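Novice: Pasting a structure here, questions to come.
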Amino acid sequence: MINLNSLNNLVGQVASMPNVPSSNEERMFYERHLHDMAHSKQNMEERKMYASLIFQFTVLWCFGLFIILVGCGLEKLKLSDTVITAFIGSTTINVFVFFKLVTEYLFNKEKPHE
């Protein structure tokens with residue numbers, strides 16, 4: 001009769017053993033896979049950090065625009081209508097283009113290593 005405790009111990013030992021590749025080709029594939037996983041993890045961490053920084057910068061930029069517009073509305077700043085219109089248009093375009101370029105760079109679809 002098979003001892004159930006011995007069988008459970010054996011299953012636990014086998015489950016805890018790492019999958020060690022047996023051939024050189026498997027080992028190279030395994031090491032490449034580990035490298036790709038570490039690379040992906042680093043990319044995700046960097047992307048999270050830069051996405052947060054991009055958002056903060058864009059919010060500050062828009063807040064600055066808002067402050068200038070409020071200053072003009074309360075007549076604390078004297079700017080002509082043409083200057084205000086140009087300022088709003090150029091700032092808005094700059095924010096959107098900056099945001100688009102950076103996010104395309106940070107969140108591009110990576111091509112797998114060949």
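Labeling convention for the structure tokens: chains A, B, ... as they appear, residues from 1 per chain, ligands from 1 in order of appearance.
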Could you list, as a PyMOL selection string, every residue within 12 Å of range 44-49 of chain A, counting only C-alpha atoms and ignoring same-chain residues fewer than 2 positions away?

Specialist: chain A and resi 37-42+51-56+102-108+110

Novice: Please write the residues from the selection above to a file, keeping N, CA and C atoms, as a PDB file, in the first residue's frame.

Specialist:
ATOM      1  N   MET A  37      11.550  39.076 -19.689  1.00  0.00           N
ATOM      2  CA  MET A  37      10.633  39.370 -18.587  1.00  0.00           C
ATOM      3  C   MET A  37      11.163  40.532 -17.751  1.00  0.00           C
ATOM      4  N   ALA A  38      12.466  40.524 -17.456  1.00  0.00           N
ATOM      5  CA  ALA A  38      13.053  41.615 -16.678  1.00  0.00           C
ATOM      6  C   ALA A  38      12.980  42.927 -17.460  1.00  0.00           C
ATOM      7  N   HIS A  39      13.229  42.854 -18.769  1.00  0.00           N
ATOM      8  CA  HIS A  39      13.167  44.033 -19.632  1.00  0.00           C
ATOM      9  C   HIS A  39      11.746  44.604 -19.649  1.00  0.00           C
ATOM     10  N   SER A  40      10.750  43.740 -19.768  1.00  0.00           N
ATOM     11  CA  SER A  40       9.354  44.183 -19.791  1.00  0.00           C
ATOM     12  C   SER A  40       8.966  44.823 -18.470  1.00  0.00           C
ATOM     13  N   LYS A  41       9.416  44.242 -17.367  1.00  0.00           N
ATOM     14  CA  LYS A  41       9.103  44.798 -16.055  1.00  0.00           C
ATOM     15  C   LYS A  41       9.708  46.195 -15.896  1.00  0.00           C
ATOM     16  N   GLN A  42      10.965  46.344 -16.324  1.00  0.00           N
ATOM     17  CA  GLN A  42      11.611  47.651 -16.236  1.00  0.00           C
ATOM     18  C   GLN A  42      10.883  48.662 -17.117  1.00  0.00           C
ATOM     19  N   ALA A  51       4.562  58.419 -17.441  1.00  0.00           N
ATOM     20  CA  ALA A  51       3.164  58.770 -17.671  1.00  0.00           C
ATOM     21  C   ALA A  51       2.679  59.720 -16.584  1.00  0.00           C
ATOM     22  N   SER A  52       3.079  59.456 -15.349  1.00  0.00           N
ATOM     23  CA  SER A  52       2.709  60.341 -14.247  1.00  0.00           C
ATOM     24  C   SER A  52       3.336  61.720 -14.427  1.00  0.00           C
ATOM     25  N   LEU A  53       4.607  61.757 -14.816  1.00  0.00           N
ATOM     26  CA  LEU A  53       5.279  63.042 -15.021  1.00  0.00           C
ATOM     27  C   LEU A  53       4.653  63.829 -16.173  1.00  0.00           C
ATOM     28  N   ILE A  54       4.296  63.138 -17.251  1.00  0.00           N
ATOM     29  CA  ILE A  54       3.644  63.808 -18.392  1.00  0.00           C
ATOM     30  C   ILE A  54       2.326  64.415 -17.951  1.00  0.00           C
ATOM     31  N   PHE A  55       1.562  63.641 -17.198  1.00  0.00           N
ATOM     32  CA  PHE A  55       0.271  64.147 -16.725  1.00  0.00           C
ATOM     33  C   PHE A  55       0.468  65.374 -15.852  1.00  0.00           C
ATOM     34  N   GLN A  56       1.403  65.319 -14.915  1.00  0.00           N
ATOM     35  CA  GLN A  56       1.654  66.454 -14.025  1.00  0.00           C
ATOM     36  C   GLN A  56       2.089  67.688 -14.811  1.00  0.00           C
ATOM     37  N   VAL A 102       4.951  62.140 -26.733  1.00  0.00           N
ATOM     38  CA  VAL A 102       5.531  61.409 -25.606  1.00  0.00           C
ATOM     39  C   VAL A 102       4.780  60.111 -25.361  1.00  0.00           C
ATOM     40  N   THR A 103       3.475  60.134 -25.427  1.00  0.00           N
ATOM     41  CA  THR A 103       2.730  58.902 -25.193  1.00  0.00           C
ATOM     42  C   THR A 103       2.951  57.893 -26.315  1.00  0.00           C
ATOM     43  N   GLU A 104       3.112  58.344 -27.538  1.00  0.00           N
ATOM     44  CA  GLU A 104       3.429  57.403 -28.617  1.00  0.00           C
ATOM     45  C   GLU A 104       4.784  56.750 -28.382  1.00  0.00           C
ATOM     46  N   TYR A 105       5.737  57.524 -27.879  1.00  0.00           N
ATOM     47  CA  TYR A 105       7.053  56.964 -27.596  1.00  0.00           C
ATOM     48  C   TYR A 105       6.999  55.989 -26.420  1.00  0.00           C
ATOM     49  N   LEU A 106       6.290  56.383 -25.362  1.00  0.00           N
ATOM     50  CA  LEU A 106       6.261  55.544 -24.164  1.00  0.00           C
ATOM     51  C   LEU A 106       5.411  54.290 -24.328  1.00  0.00           C
ATOM     52  N   PHE A 107       4.349  54.385 -25.085  1.00  0.00           N
ATOM     53  CA  PHE A 107       3.418  53.269 -25.171  1.00  0.00           C
ATOM     54  C   PHE A 107       3.353  52.678 -26.577  1.00  0.00           C
ATOM     55  N   ASN A 108       4.486  52.652 -27.237  1.00  0.00           N
ATOM     56  CA  ASN A 108       4.534  52.058 -28.568  1.00  0.00           C
ATOM     57  C   ASN A 108       4.419  50.543 -28.454  1.00  0.00           C
ATOM     58  N   GLU A 110       5.847  47.218 -28.898  1.00  0.00           N
ATOM     59  CA  GLU A 110       7.206  46.703 -29.060  1.00  0.00           C
ATOM     60  C   GLU A 110       7.212  45.517 -30.000  1.00  0.00           C
TER      61      GLU A 110
END

Novice: Env of range 57-66 of chain A: 9 Å cut, atoms = only C-alpha atoms, seq-sep filter 5 positions within chain, self excluded. Answer as a list in words.

Specialist: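 The residues that qualify are Ser52, Gly71, Phe87, Ile88, Thr91, Thr92, Val95, Phe96, Phe98 and Phe99 of chain A.
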
Novice: Those residues you just picked out, can you put them in a file as an mmCIF file, in the first residue's frame with C-alpha atoms?

Specialist:
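Once everything was written out, this is selection.cif:
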data_model
loop_
_atom_site.group_PDB
_atom_site.id
_atom_site.type_symbol
_atom_site.label_atom_id
_atom_site.label_comp_id
_atom_site.auth_asym_id
_atom_site.auth_seq_id
_atom_site.Cartn_x
_atom_site.Cartn_y
_atom_site.Cartn_z
ATOM 1 C CA SER A 52 2.709 60.341 -14.247
ATOM 2 C CA GLY A 71 -5.482 87.574 -14.865
ATOM 3 C CA PHE A 87 -1.501 82.347 -26.696
ATOM 4 C CA ILE A 88 -4.493 80.050 -26.158
ATOM 5 C CA THR A 91 -0.435 76.634 -25.918
ATOM 6 C CA THR A 92 -3.255 74.218 -26.631
ATOM 7 C CA VAL A 95 0.162 70.627 -25.020
ATOM 8 C CA PHE A 96 -1.610 68.194 -27.331
ATOM 9 C CA PHE A 98 3.717 67.176 -26.666
ATOM 10 C CA PHE A 99 1.303 64.751 -25.013
#

Novice: Might you pull out every residue within 9 Å of range 81-85 of chain A, with only C-alpha atoms counted and same-chain residues fewer than 3 positions away left off, and present them as a PyMOL selection string?

Specialist: chain A and resi 69+72+88-90

Novice: Work out how far apart CA of Ser23 in chain A and CA of His35 in chain A are and give it in Å to one decimal.

Specialist: 18.3 Å

Novice: Which value, in Å to one decimal, gives the distance between CA of Val97 in chain A and CA of Tyr50 in chain A?

Specialist: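 Value for the CA of Val97 in chain A-CA of Tyr50 in chain A distance: 16.2 Å.
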
Novice: Determine which residues of range 16-95 of chain A receive a DSSP assignment of helix (DSSP H, G or I), computed from the backbone, and state them as a PyMOL selection string.

Specialist: chain A and resi 16+24-73+81-95
